[in-house]
Amino acid sequence: MGNFIELKAADGFSFPVYVAKPTGQPRGAVVVLQEIFGVNSHIRNVADGYAAAGYLAVAPSTFHRVKQGVDLGYQPDDITTGAALKAAVEALPAPGVLQDIEAAIKHASQAGKVGIVGYCWGGLLAWRAACLLDGLSAAAPYYGGGMTMAPDAARVPKVPVMAHFGDQDTHIPMETVKAFEKTHPEVEVHVYAAHHGFNCDQRGSWNAGAAATAKERTLDHFRRHLG
């Protein structure tokens, strides 16, 4: 359904973005932020799903500043590779990859109001974008690793946020989710009987029921705030 285009960040850096267009007039746009596995087939499918729901979907390659053409699976070696790439991006001088996300938001805004959704590391980046960047109208991070911990938990969102977590997620302790919820009563937090990565149908932790419920809630969140 979609294809890759090149965008340019404020510092002149060019990077690829997967773009999926809806049929007919878009009702808004959704920026889709990858896990630690690149803009792989799963993330492209997620973007296609938001396009099918009527949104212009834009999925930037947030690894491109450290390695080009990343498209990983979900085996142990892929996890090791992805974790190293994430660490390399996180080590970039500020604003780092946020300027690429900002460029994706600006491109997406041609379709109207812009929401952002992200998974795993992308969930953390979606939270940071909701707190630090302009141009968004809503955010929906999924199991954002690190967003419930200092210093990211202390950030204040500029837009309505709906956050999704799994109560069996060994990467995000439930006590930190509860503390985050107490600190951020303005954030709509949903917890599912599921593991980390429950949205991804290519992972063993996929939970079809939790994924469907979270998607329905996210679409409702975007309908309310994007149109």
# chains A, B, ... in the order shown; residues from 1 in each chain; ligands from 1

$ select_by_dssp --residues "stretch 36-95 of chain A" --states "strand (DSSP E or B)" --output "VMD selection string"
chain A and resid 38 56 to 60 71

$ write_last_selection --atoms "C-alpha atoms" --output "CSV table (one decimal), in the first residue's frame"
chain,number,residue,atom,x,y,z
A,38,GLY,CA,13.7,-0.9,11.9
A,56,LEU,CA,-1.9,9.4,6.1
A,57,ALA,CA,0.6,7.2,7.8
A,58,VAL,CA,4.3,8.2,8.0
A,59,ALA,CA,6.9,5.8,9.5
A,60,PRO,CA,10.4,7.4,9.7
A,71,ASP,CA,15.0,-4.3,8.5

$ closest_atom_pairs --of "stretch 146-217 of chain A" --to "stretch 129-137 of chain A" --cutoff "8 Å" --atoms "only C-alpha atoms" --output "Markdown table"
| residue | atom | partner | partner_atom | distance |
| --- | --- | --- | --- | --- |
| A:Arg155 | CA | A:Cys131 | CA | 6.2 |
| A:Val156 | CA | A:Cys131 | CA | 5.4 |
| A:Pro157 | CA | A:Cys131 | CA | 4.0 |
| A:Lys158 | CA | A:Cys131 | CA | 5.3 |
| A:Val159 | CA | A:Ser137 | CA | 5.6 |
| A:Pro160 | CA | A:Ser137 | CA | 7.1 |
| A:Val161 | CA | A:Ala130 | CA | 7.6 |

$ write_last_selection --atoms "C-alpha atoms" --output "PDB file, in the first residue's frame"
ATOM      1  CA  ARG A 155       8.374  15.097  31.265  1.00  0.00           C
ATOM      2  CA  VAL A 156       5.052  16.870  30.730  1.00  0.00           C
ATOM      3  CA  PRO A 157       3.044  16.170  27.559  1.00  0.00           C
ATOM      4  CA  LYS A 158       1.785  19.020  25.391  1.00  0.00           C
ATOM      5  CA  VAL A 159      -1.027  16.927  23.894  1.00  0.00           C
ATOM      6  CA  PRO A 160      -3.501  14.242  25.038  1.00  0.00           C
ATOM      7  CA  VAL A 161      -1.705  10.927  25.580  1.00  0.00           C
TER       8      VAL A 161
END

$ closest_atom_pairs --of "stretch 85-156 of chain A" --to "stretch 14-31 of chain A" --cutoff "12 Å" --atoms "only C-alpha atoms" --output "tab-separated table"
residue	atom	partner	partner_atom	distance
A:Val97	CA	A:Phe15	CA	10.5
A:Gln99	CA	A:Ser14	CA	10.9
A:Asp100	CA	A:Phe15	CA	7.7
A:Ile101	CA	A:Val31	CA	8.2
A:Glu102	CA	A:Val31	CA	9.9
A:Ala103	CA	A:Phe15	CA	9.9
A:Ala104	CA	A:Val31	CA	6.9
A:Ile105	CA	A:Val31	CA	6.6
A:Lys106	CA	A:Val31	CA	10.0
A:His107	CA	A:Ala29	CA	9.5
A:Ala108	CA	A:Ala29	CA	5.7
A:Ser109	CA	A:Ala29	CA	6.7
A:Gln110	CA	A:Ala29	CA	8.2
A:Ala111	CA	A:Gly28	CA	5.1
A:Gly112	CA	A:Gly28	CA	4.7
A:Lys113	CA	A:Gly28	CA	5.1
A:Val114	CA	A:Ala29	CA	4.7
A:Gly115	CA	A:Val30	CA	4.7
A:Ile116	CA	A:Val31	CA	4.6
A:Val117	CA	A:Val31	CA	6.2
A:Gly118	CA	A:Val31	CA	8.2
A:Tyr119	CA	A:Val31	CA	11.6
A:Gly122	CA	A:Val31	CA	10.4
A:Gly123	CA	A:Val31	CA	11.5
A:Leu125	CA	A:Val31	CA	11.2
A:Ala126	CA	A:Val31	CA	8.9
A:Ala129	CA	A:Val31	CA	10.6
A:Ala130	CA	A:Val31	CA	11.6
A:Gly135	CA	A:Ala29	CA	11.2
A:Leu136	CA	A:Val30	CA	9.4
A:Ser137	CA	A:Ala29	CA	9.9
A:Ala138	CA	A:Val30	CA	9.2
A:Ala139	CA	A:Val30	CA	9.1
A:Ala140	CA	A:Val30	CA	10.1
A:Pro141	CA	A:Val31	CA	11.3

$ closest_residue --among "A:His195, A:Arg223, A:Lys86, A:His190" --to "A:Ile172" --atoms "only C-alpha atoms"
A:His195

$ atom_distance --atom1 "atom CA of A:Asp220" --atom2 "atom CA of A:Val32"
16.4 Å

$ residues_around --residues "stretch 78-85 of chain A" --least-positions-apart "5" --cutoff "9 Å" --atoms "only C-alpha atoms" --output "list in words"
Glu35, Ile36, Phe37, Gly38, Phe63, Val66, Lys67, Val70, Leu72, Gly73 and Glu90 of chain A

$ select_by_dssp --residues "stretch 8-188 of chain A" --states "alpha helix (DSSP H)" --output "PyMOL selection string"
chain A and resi 41-52+76-90+98-108+121-132+174-183

$ residues_around --residues "A:Trp121" --least-positions-apart "3" --cutoff "6 Å" --atoms "only C-alpha atoms" --output "NGL selection string"
:A and (35 or 124 or 144-145)

$ write_last_selection --atoms "C-alpha atoms" --output "PDB file, in the first residue's frame"
ATOM      1  CA  GLU A  35      10.586  -0.750  17.540  1.00  0.00           C
ATOM      2  CA  LEU A 124       9.453   6.066  24.376  1.00  0.00           C
ATOM      3  CA  GLY A 144       7.415   2.565  25.846  1.00  0.00           C
ATOM      4  CA  GLY A 145      10.546   1.244  27.522  1.00  0.00           C
TER       5      GLY A 145
END

$ closest_residue --among "A:Lys8, A:His164, A:His196, A:Arg203" --to "A:Gln75" --atoms "only C-alpha atoms"
A:Arg203

$ closest_residue --among "A:Asp77, A:Asp167, A:Glu216, A:Glu175" --to "A:Tyr192" --atoms "only C-alpha atoms"
A:Asp167

$ residues_around --residues "A:Ala154" --least-positions-apart "6" --cutoff "12 Å" --atoms "only C-alpha atoms" --output "list in words"
Trp127, Arg128, Cys131, Gly146, Met147, Thr148, Ala179, Phe180, Glu181, Lys182, Thr183 and His184 of chain A

$ atom_distance --atom1 "atom CA of A:Thr213" --atom2 "atom CA of A:Val46"
14.8 Å
